[in-house]
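Pasted below: coords-v9.cif, mmCIF, C-alpha atoms.
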```cif
data_entry
#
loop_
_atom_site.label_atom_id
_atom_site.label_comp_id
_atom_site.auth_asym_id
_atom_site.auth_seq_id
_atom_site.Cartn_x
_atom_site.Cartn_y
_atom_site.Cartn_z
CA MET A 4 -3.26 -15.37 17.64
CA PHE A 5 -4.68 -12.25 19.33
CA ARG A 6 -7.36 -11.37 21.86
CA TYR A 7 -8.06 -7.79 20.79
CA ALA A 8 -7.04 -6.58 17.34
CA GLY A 9 -7.36 -2.88 16.59
CA ILE A 10 -7.76 -1.57 13.04
CA VAL A 11 -6.94 2.13 12.68
CA GLY A 12 -8.40 3.07 9.31
CA VAL A 13 -11.18 0.72 8.20
CA GLY A 14 -10.86 1.21 4.44
CA LEU A 15 -9.85 -1.24 1.74
CA ILE A 16 -6.60 -2.46 3.33
CA GLY A 17 -7.56 -2.23 7.01
CA GLY A 18 -11.02 -3.62 6.33
CA SER A 19 -9.76 -6.51 4.21
CA LEU A 20 -7.20 -7.40 6.87
CA ALA A 21 -9.96 -7.38 9.49
CA LEU A 22 -12.08 -9.71 7.35
CA ASP A 23 -9.16 -12.10 6.93
CA LEU A 24 -8.47 -12.06 10.68
CA LYS A 25 -12.09 -13.08 11.16
CA LYS A 26 -12.06 -15.70 8.41
CA HIS A 27 -8.96 -17.42 9.77
CA ARG A 28 -10.01 -16.94 13.41
CA LEU A 29 -6.86 -15.04 14.28
CA ALA A 30 -8.48 -12.55 16.67
CA GLU A 31 -11.23 -12.94 19.28
CA CYS A 32 -12.47 -9.36 18.89
CA ILE A 33 -11.75 -6.70 16.26
CA VAL A 34 -12.21 -3.06 17.18
CA GLY A 35 -12.19 -0.28 14.61
CA PHE A 36 -10.89 3.28 14.75
CA ASP A 37 -11.40 5.85 12.01
CA LYS A 38 -11.74 9.63 11.77
CA SER A 39 -14.90 9.03 9.71
CA SER A 40 -17.93 7.97 11.75
CA GLN A 41 -19.55 6.99 8.45
CA ASN A 42 -16.73 4.55 7.73
CA LEU A 43 -17.05 3.07 11.20
CA SER A 44 -20.81 2.64 10.85
CA LYS A 45 -20.34 0.98 7.48
CA ALA A 46 -17.66 -1.33 8.90
CA ILE A 47 -20.08 -2.41 11.65
CA GLU A 48 -22.87 -2.91 9.11
CA LEU A 49 -20.64 -5.07 6.91
CA ASN A 50 -19.38 -7.08 9.91
CA ILE A 51 -15.81 -5.98 9.22
CA ILE A 52 -15.28 -4.97 12.86
CA ASP A 53 -17.00 -6.17 16.02
CA LYS A 54 -17.20 -2.78 17.70
CA ILE A 55 -16.21 0.84 17.36
CA GLY A 56 -13.17 1.36 19.50
CA SER A 57 -12.45 3.81 22.31
CA GLU A 58 -9.11 4.63 23.92
CA GLU A 59 -9.95 2.07 26.60
CA ASP A 60 -10.41 -0.55 23.88
CA LEU A 61 -7.08 0.46 22.36
CA LYS A 62 -5.37 -0.16 25.70
CA ARG A 63 -6.69 -3.73 25.65
CA CYS A 64 -5.35 -4.49 22.16
CA ASP A 65 -2.48 -6.91 21.76
CA PHE A 66 -2.29 -6.29 17.99
CA VAL A 67 -2.89 -3.02 16.15
CA VAL A 68 -2.82 -2.22 12.43
CA VAL A 69 -2.47 1.39 11.28
CA ALA A 70 -3.97 1.55 7.79
CA THR A 71 -4.58 5.27 7.29
CA PRO A 72 -3.29 7.48 4.44
CA VAL A 73 0.49 7.69 4.79
CA ASP A 74 0.60 11.38 5.74
CA VAL A 75 -1.09 10.60 9.06
CA VAL A 76 0.43 7.17 9.73
CA ALA A 77 3.19 8.53 11.98
CA GLU A 78 0.83 10.52 14.21
CA ASN A 79 -1.51 7.55 14.47
CA LEU A 80 1.38 5.25 15.36
CA LEU A 81 2.46 7.61 18.14
CA TRP A 82 -1.12 7.70 19.43
CA VAL A 83 -1.21 3.89 19.42
CA PHE A 84 2.19 3.71 21.14
CA ASP A 85 0.85 5.89 23.96
CA HIS A 86 -2.18 3.70 24.63
CA ALA A 87 -1.48 0.13 23.47
CA ASP A 88 1.86 0.03 25.21
CA LYS A 89 2.40 -3.73 24.96
CA ALA A 90 0.81 -4.46 21.60
CA ILE A 91 2.44 -5.65 18.41
CA VAL A 92 1.87 -2.69 16.07
CA ILE A 93 2.21 -2.65 12.29
CA ASP A 94 1.51 -0.02 9.68
CA VAL A 95 0.75 -0.91 6.08
CA GLY A 96 1.71 2.30 4.28
CA SER A 97 3.37 2.25 0.87
CA VAL A 98 5.93 4.87 1.98
CA LYS A 99 8.22 3.63 4.72
CA GLY A 100 11.45 5.59 5.21
CA VAL A 101 10.11 8.86 6.58
CA ILE A 102 7.57 7.07 8.79
CA VAL A 103 10.10 4.68 10.32
CA ASP A 104 12.56 7.53 10.94
CA ARG A 105 9.83 9.61 12.58
CA VAL A 106 8.48 7.02 15.01
CA LYS A 107 11.31 4.64 15.91
CA PRO A 108 12.67 6.90 18.73
CA PHE A 109 9.29 6.54 20.45
CA VAL A 110 9.03 2.75 20.38
CA LYS A 111 9.20 1.59 24.01
CA ASN A 112 7.28 -1.45 25.17
CA ASN A 113 5.41 -1.58 21.87
CA PHE A 114 6.56 -4.10 19.33
CA TYR A 115 6.47 -2.03 16.14
CA VAL A 116 7.01 -3.76 12.80
CA PRO A 117 6.79 -1.55 9.67
CA THR A 118 5.18 -3.45 6.79
CA HIS A 119 3.78 -3.01 3.30
CA PRO A 120 1.45 -5.67 1.87
CA ILE A 121 1.66 -5.40 -1.91
CA ALA A 122 -2.06 -5.69 -2.52
CA GLY A 123 -4.97 -3.43 -3.30
CA THR A 124 -7.48 -2.29 -5.88
CA GLU A 125 -8.58 1.09 -7.19
CA ARG A 126 -11.61 1.03 -4.87
CA PHE A 127 -11.57 2.48 -1.38
CA GLY A 128 -13.57 2.70 1.81
CA PRO A 129 -14.93 -0.15 3.96
CA GLN A 130 -17.37 -1.14 1.22
CA ALA A 131 -14.36 -2.03 -0.96
CA ALA A 132 -12.90 -4.50 1.57
CA PHE A 133 -13.06 -8.21 0.84
CA GLU A 134 -11.65 -11.52 2.07
CA GLY A 135 -8.57 -12.88 0.34
CA LEU A 136 -7.12 -9.57 -0.86
CA PHE A 137 -3.68 -10.54 0.46
CA LYS A 138 -3.50 -14.14 -0.77
CA ASP A 139 -0.27 -14.77 -2.74
CA ALA A 140 0.80 -11.12 -2.32
CA TYR A 141 4.25 -10.03 -1.19
CA PHE A 142 4.47 -8.71 2.36
CA ILE A 143 7.42 -6.36 2.81
CA ILE A 144 8.93 -5.83 6.26
CA THR A 145 11.32 -2.87 6.53
CA PRO A 146 13.48 -3.56 9.60
CA TYR A 147 15.16 -0.95 11.78
CA GLU A 148 17.85 -1.25 14.45
CA GLY A 149 16.45 -2.67 17.67
CA MET A 150 13.25 -4.08 16.20
CA ASP A 151 11.89 -6.86 18.44
CA LYS A 152 12.70 -10.30 17.01
CA LYS A 153 9.71 -12.05 18.57
CA ALA A 154 7.40 -9.43 17.13
CA ILE A 155 8.93 -10.00 13.69
CA GLU A 156 8.32 -13.74 13.98
CA THR A 157 4.72 -13.20 15.06
CA VAL A 158 4.07 -10.86 12.13
CA LYS A 159 5.70 -13.33 9.73
CA ILE A 160 3.44 -16.11 11.03
CA LEU A 161 0.41 -13.85 10.62
CA ALA A 162 1.39 -12.98 7.04
CA GLY A 163 1.88 -16.67 6.27
CA ARG A 164 -1.55 -17.58 7.61
CA LEU A 165 -3.05 -14.95 5.31
CA GLY A 166 -1.23 -16.49 2.34
CA MET A 167 1.40 -13.79 1.88
CA LYS A 168 5.08 -14.11 0.93
CA VAL A 169 7.37 -12.28 3.36
CA GLU A 170 10.37 -10.28 2.15
CA PHE A 171 12.69 -7.88 4.00
CA MET A 172 13.85 -4.58 2.52
CA ASP A 173 15.54 -1.44 3.82
CA ALA A 174 12.92 1.28 4.34
CA HIS A 175 14.60 3.88 2.11
CA LEU A 176 15.36 1.34 -0.62
CA HIS A 177 11.69 0.36 -0.43
CA ASP A 178 10.68 3.92 -1.25
CA ILE A 179 13.01 4.05 -4.25
CA VAL A 180 11.73 0.73 -5.60
CA PHE A 181 8.06 1.55 -5.14
CA GLY A 182 8.60 4.99 -6.59
CA TYR A 183 9.15 3.14 -9.89
CA VAL A 184 6.84 0.12 -9.70
CA SER A 185 3.85 1.65 -7.91
CA HIS A 186 3.91 5.41 -7.46
CA LEU A 187 5.06 6.24 -11.01
CA PRO A 188 2.36 4.09 -12.71
CA HIS A 189 -0.32 5.76 -10.61
CA ALA A 190 1.01 9.22 -11.45
CA ILE A 191 1.06 8.36 -15.18
CA ALA A 192 -2.50 7.02 -15.04
CA TYR A 193 -3.75 10.19 -13.36
CA ALA A 194 -1.84 12.35 -15.87
CA LEU A 195 -3.18 10.42 -18.87
CA VAL A 196 -6.79 10.75 -17.73
CA ASP A 197 -6.18 14.43 -17.02
CA LEU A 198 -4.77 14.89 -20.56
CA VAL A 199 -7.73 13.21 -22.24
CA SER A 200 -10.20 15.13 -20.09
CA LYS A 201 -8.86 18.35 -21.62
CA LYS A 202 -9.49 17.17 -25.22
CA ASP A 203 -13.14 18.19 -25.54
CA ASN A 204 -15.28 15.05 -25.74
CA ASN A 205 -12.63 12.77 -27.27
CA TYR A 206 -12.78 10.64 -24.12
CA THR A 207 -16.07 9.21 -25.38
CA PHE A 208 -14.11 7.13 -27.91
CA ILE A 209 -11.72 5.37 -25.54
CA GLY A 210 -11.43 1.58 -25.79
CA GLY A 211 -10.58 -1.28 -23.49
CA GLY A 212 -6.84 -0.65 -23.49
CA PHE A 213 -7.22 2.88 -22.16
CA LYS A 214 -9.77 1.76 -19.57
CA ASP A 215 -7.56 -1.12 -18.41
CA TYR A 216 -4.45 1.00 -18.14
CA THR A 217 -6.12 3.91 -16.34
CA ARG A 218 -8.15 1.76 -13.92
CA ILE A 219 -5.91 2.90 -11.06
CA ALA A 220 -6.76 6.56 -11.70
CA ALA A 221 -10.02 5.78 -9.88
CA SER A 222 -8.03 5.31 -6.65
CA SER A 223 -8.46 7.42 -3.53
CA GLU A 224 -7.13 10.95 -3.91
CA ASP A 225 -6.59 11.10 -0.15
CA MET A 226 -4.28 8.12 -0.28
CA TRP A 227 -2.39 8.96 -3.46
CA SER A 228 -1.87 12.69 -2.89
CA ALA A 229 -0.26 11.72 0.42
CA ILE A 230 1.91 9.03 -1.19
CA PHE A 231 3.08 11.33 -4.00
CA SER A 232 3.94 14.11 -1.55
CA MET A 233 5.75 11.91 0.96
CA ASN A 234 7.82 10.13 -1.69
CA LYS A 235 8.21 13.16 -3.94
CA ASP A 236 11.98 12.96 -4.47
CA ASN A 237 11.87 9.35 -5.63
CA LEU A 238 8.77 10.06 -7.75
CA LYS A 239 10.46 13.02 -9.46
CA LYS A 240 13.47 10.86 -10.37
CA ALA A 241 11.23 8.09 -11.71
CA VAL A 242 9.22 10.59 -13.81
CA GLU A 243 12.40 12.03 -15.35
CA GLU A 244 13.64 8.56 -16.30
CA PHE A 245 10.23 7.66 -17.68
CA LYS A 246 10.32 10.73 -19.93
CA HIS A 247 13.58 9.44 -21.41
CA HIS A 248 12.11 6.01 -22.19
CA LEU A 249 8.94 7.53 -23.66
CA ASN A 250 10.96 9.86 -25.85
CA LYS A 251 13.04 6.90 -27.03
CA ILE A 252 9.92 5.34 -28.55
CA VAL A 253 9.08 8.63 -30.29
CA GLU A 254 12.63 8.93 -31.65
CA LEU A 255 12.60 5.36 -32.94
CA THR A 256 9.53 6.05 -35.07
CA GLU A 257 12.09 7.40 -37.53
CA LYS A 258 13.73 3.93 -37.59
CA PRO A 259 10.89 1.37 -37.89
CA ASP A 260 13.10 -1.73 -37.78
CA GLU A 261 14.85 -0.57 -34.59
CA LEU A 262 11.49 0.39 -33.10
CA LYS A 263 10.10 -3.09 -33.81
CA GLN A 264 13.13 -4.72 -32.16
CA HIS A 265 12.87 -2.41 -29.14
CA LEU A 266 9.19 -3.19 -28.65
CA LYS A 267 9.92 -6.90 -29.00
CA GLN A 268 12.55 -6.73 -26.24
CA VAL A 269 10.07 -4.96 -23.99
CA ARG A 270 7.34 -7.50 -24.77
CA LEU A 271 9.62 -10.44 -24.03
CA PHE A 272 10.69 -8.93 -20.72
CA LYS A 273 7.05 -8.50 -19.71
CA GLU A 274 6.15 -12.04 -20.78
CA ASN A 275 9.15 -13.67 -19.12
CA TYR A 276 9.39 -11.68 -15.89
CA LEU A 277 6.22 -9.67 -15.21
CA GLU A 278 3.56 -12.29 -15.93
CA LYS A 279 4.85 -15.13 -13.74
#
```

What does this structure look like when you write it as structure tokens?
Amino acid sequence: MFRYAGIVGVGLIGGSLALDLKKHRLAECIVGFDKSSQNLSKAIELNIIDKIGSEEDLKRCDFVVVATPVDVVAENLLWVFDHADKAIVIDVGSVKGVIVDRVKPFVKNNFYVPTHPIAGTERFGPQAAFEGLFKDAYFIITPYEGMDKKAIETVKILAGRLGMKVEFMDAHLHDIVFGYVSHLPHAIAYALVDLVSKKDNNYTFIGGGFKDYTRIAASSEDMWSAIFSMNKDNLKKAVEEFKHHLNKIVELTEKPDELKQHLKQVRLFKENYLEK
């Protein structure tokens, strides 16, 4: 599909996307850009990218992915816009509204499509990248007025070839939704580990349930501090609502039959809707 594909940020998401571009032969050459020379060297070593990119390489790109922490996505997009002036450009950040609002006045000949692949693990860095990360995952496109239709179609085809399911969602609605289903769970996991860490050596007795639930607290602090800060208003609202639902369980301990029924309703919802 592309001659030169540029990956700005060669960590888990950018690196995995590069590996899938290679696997499916969707790009002739993949060039990597990253503020960390160590990440770039590792990406070369692992054959994630074909070369470390320069600004001249960026000018040659006809497809660019910005996969940096969300607090620097906008500035990286503007840098890409200035150099790869005819490329299809996507970012893959999990906060969309503020980024789209910031950069859309500067889209000229570029074909910018804001996206969010709903995929990832708690690991980070190029060493965490692997083929097939995006298979069967949702791929959210958050459209804005004037977005190029041909670019949208190209990105949809790309997502399909990587096995993803494309959905469209308003950028600000996206941030509300993912404040609940992604950002809140990560915040709770971090808070729970923090709580246990303050209880002397009680953490030595944790079992599989605690480990499974708090797996995501091993995620990159660079990525998640940026996400929490950029989506802080939606996160605050989600935390307040979560407190209400947590307190409901505590209150129902005084009414065991009602508590059992409440937990059953929650279990059935998870089984019927969240495990499909």

field: Chain and number of each residue from the PyMOL selection byres ((chain A and resi 158-161) around 12), as number ranges by chain
entry: A: 4-5, 20, 23-24, 27-30, 66-68, 90-94, 114-120, 137, 141-144, 151-157, 162-171

- request: Please evaluate the PyMOL selection byres ((chain A and resi 62) around 8) against the displayed coordinates and give the resulting residues as a list in words.
  value: Glu58, Glu59, Asp60, Leu61, Arg63, Cys64, His86, Ala87 and Asp88 of chain A

For C-alpha atoms, I'd like the residues from the last selection saved as a CSV table (one decimal), in the frame of the given file.
```csv
chain,number,residue,atom,x,y,z
A,58,GLU,CA,-9.1,4.6,23.9
A,59,GLU,CA,-10.0,2.1,26.6
A,60,ASP,CA,-10.4,-0.6,23.9
A,61,LEU,CA,-7.1,0.5,22.4
A,63,ARG,CA,-6.7,-3.7,25.6
A,64,CYS,CA,-5.4,-4.5,22.2
A,86,HIS,CA,-2.2,3.7,24.6
A,87,ALA,CA,-1.5,0.1,23.5
A,88,ASP,CA,1.9,0.0,25.2
```

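Closest approach to Met150 of chain A from the set A:Phe213, A:Leu22, A:Lys99, A:Lys111 is made by A:Lys111, with distances taken over all atoms listed in the file.
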
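Here the question is which of A:Lys239, A:Lys25, A:Arg105, A:His265 gets nearest to Lys251 of chain A using only C-alpha atoms, and that residue is A:His265.
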
message: Going by the chain IDs and residue numbers used in this file, which residues fall under the PyMOL selection byres ((chain A and resi 70-82) around 10)? Write them as a count of residues only.
response: 52

Which residue of A:Pro259, A:Gly9, A:Gly56, A:Gly210 approaches Ser44 of chain A most closely, using all atoms listed in the file: A:Gly56

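Nearest to Met172 of chain A of all the residues A:Thr145, A:Lys263, A:Lys45, A:Ser185 is A:Thr145, based on all atoms listed in the file.
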
Reconstruct segment 180-191 of chain A at the level of all heavy atoms, and format the result as an mmCIF file, in the coordinates of the input.
```cif
data_model
loop_
_atom_site.group_PDB
_atom_site.id
_atom_site.type_symbol
_atom_site.label_atom_id
_atom_site.label_comp_id
_atom_site.auth_asym_id
_atom_site.auth_seq_id
_atom_site.Cartn_x
_atom_site.Cartn_y
_atom_site.Cartn_z
ATOM 1 N N VAL A 180 12.300 1.784 -4.764
ATOM 2 C CA VAL A 180 11.730 0.730 -5.600
ATOM 3 C C VAL A 180 10.266 1.017 -5.920
ATOM 4 O O VAL A 180 9.846 0.956 -7.095
ATOM 5 C CB VAL A 180 11.862 -0.642 -4.892
ATOM 6 C CG1 VAL A 180 11.044 -1.709 -5.623
ATOM 7 C CG2 VAL A 180 13.323 -1.049 -4.803
ATOM 8 N N PHE A 181 9.492 1.362 -4.905
ATOM 9 C CA PHE A 181 8.060 1.550 -5.140
ATOM 10 C C PHE A 181 7.746 2.896 -5.781
ATOM 11 O O PHE A 181 6.656 3.088 -6.335
ATOM 12 C CB PHE A 181 7.267 1.291 -3.852
ATOM 13 C CG PHE A 181 7.166 -0.173 -3.575
ATOM 14 C CD1 PHE A 181 8.134 -0.821 -2.809
ATOM 15 C CD2 PHE A 181 6.166 -0.936 -4.139
ATOM 16 C CE1 PHE A 181 8.083 -2.184 -2.606
ATOM 17 C CE2 PHE A 181 6.101 -2.304 -3.947
ATOM 18 C CZ PHE A 181 7.066 -2.934 -3.169
ATOM 19 N N GLY A 182 8.733 3.797 -5.766
ATOM 20 C CA GLY A 182 8.600 4.990 -6.590
ATOM 21 C C GLY A 182 8.474 4.637 -8.052
ATOM 22 O O GLY A 182 7.734 5.280 -8.808
ATOM 23 N N TYR A 183 9.196 3.583 -8.488
ATOM 24 C CA TYR A 183 9.150 3.140 -9.890
ATOM 25 C C TYR A 183 7.962 2.218 -10.163
ATOM 26 O O TYR A 183 7.252 2.390 -11.157
ATOM 27 C CB TYR A 183 10.437 2.403 -10.253
ATOM 28 C CG TYR A 183 11.622 3.310 -10.428
ATOM 29 C CD1 TYR A 183 12.524 3.503 -9.381
ATOM 30 C CD2 TYR A 183 11.861 3.972 -11.625
ATOM 31 C CE1 TYR A 183 13.620 4.340 -9.529
ATOM 32 C CE2 TYR A 183 12.954 4.805 -11.778
ATOM 33 C CZ TYR A 183 13.830 4.991 -10.730
ATOM 34 O OH TYR A 183 14.908 5.820 -10.875
ATOM 35 N N VAL A 184 7.777 1.196 -9.325
ATOM 36 C CA VAL A 184 6.840 0.120 -9.700
ATOM 37 C C VAL A 184 5.410 0.362 -9.233
ATOM 38 O O VAL A 184 4.503 -0.358 -9.639
ATOM 39 C CB VAL A 184 7.335 -1.252 -9.184
ATOM 40 C CG1 VAL A 184 8.706 -1.569 -9.740
ATOM 41 C CG2 VAL A 184 7.338 -1.314 -7.661
ATOM 42 N N SER A 185 5.198 1.377 -8.400
ATOM 43 C CA SER A 185 3.850 1.650 -7.910
ATOM 44 C C SER A 185 3.467 3.119 -8.042
ATOM 45 O O SER A 185 2.462 3.466 -8.667
ATOM 46 C CB SER A 185 3.726 1.215 -6.442
ATOM 47 O OG SER A 185 2.462 1.547 -5.923
ATOM 48 N N HIS A 186 4.280 3.999 -7.496
ATOM 49 C CA HIS A 186 3.910 5.410 -7.460
ATOM 50 C C HIS A 186 3.954 6.045 -8.845
ATOM 51 O O HIS A 186 3.059 6.815 -9.213
ATOM 52 C CB HIS A 186 4.804 6.162 -6.475
ATOM 53 C CG HIS A 186 4.838 5.512 -5.123
ATOM 54 N ND1 HIS A 186 5.760 5.829 -4.150
ATOM 55 C CD2 HIS A 186 4.071 4.524 -4.565
ATOM 56 C CE1 HIS A 186 5.556 5.099 -3.075
ATOM 57 N NE2 HIS A 186 4.536 4.281 -3.312
ATOM 58 N N LEU A 187 4.983 5.724 -9.633
ATOM 59 C CA LEU A 187 5.060 6.240 -11.010
ATOM 60 C C LEU A 187 3.871 5.785 -11.864
ATOM 61 O O LEU A 187 3.247 6.626 -12.527
ATOM 62 C CB LEU A 187 6.379 5.813 -11.658
ATOM 63 C CG LEU A 187 6.546 6.181 -13.142
ATOM 64 C CD1 LEU A 187 6.547 7.687 -13.331
ATOM 65 C CD2 LEU A 187 7.810 5.553 -13.711
ATOM 66 N N PRO A 188 3.519 4.496 -11.902
ATOM 67 C CA PRO A 188 2.360 4.090 -12.710
ATOM 68 C C PRO A 188 1.072 4.810 -12.319
ATOM 69 O O PRO A 188 0.269 5.164 -13.194
ATOM 70 C CB PRO A 188 2.255 2.585 -12.454
ATOM 71 C CG PRO A 188 3.637 2.170 -12.086
ATOM 72 C CD PRO A 188 4.217 3.326 -11.328
ATOM 73 N N HIS A 189 0.873 5.031 -11.022
ATOM 74 C CA HIS A 189 -0.320 5.760 -10.610
ATOM 75 C C HIS A 189 -0.275 7.202 -11.099
ATOM 76 O O HIS A 189 -1.285 7.744 -11.578
ATOM 77 C CB HIS A 189 -0.485 5.709 -9.095
ATOM 78 C CG HIS A 189 -1.109 4.449 -8.596
ATOM 79 N ND1 HIS A 189 -0.399 3.270 -8.432
ATOM 80 C CD2 HIS A 189 -2.383 4.161 -8.227
ATOM 81 C CE1 HIS A 189 -1.214 2.327 -7.981
ATOM 82 N NE2 HIS A 189 -2.420 2.833 -7.857
ATOM 83 N N ALA A 190 0.891 7.840 -10.989
ATOM 84 C CA ALA A 190 1.010 9.220 -11.450
ATOM 85 C C ALA A 190 0.748 9.318 -12.951
ATOM 86 O O ALA A 190 0.065 10.241 -13.420
ATOM 87 C CB ALA A 190 2.407 9.754 -11.117
ATOM 88 N N ILE A 191 1.272 8.359 -13.727
ATOM 89 C CA ILE A 191 1.060 8.360 -15.180
ATOM 90 C C ILE A 191 -0.420 8.176 -15.504
ATOM 91 O O ILE A 191 -0.971 8.849 -16.393
ATOM 92 C CB ILE A 191 1.906 7.269 -15.850
ATOM 93 C CG1 ILE A 191 3.395 7.576 -15.689
ATOM 94 C CG2 ILE A 191 1.553 7.140 -17.326
ATOM 95 C CD1 ILE A 191 4.302 6.419 -16.086
#
```
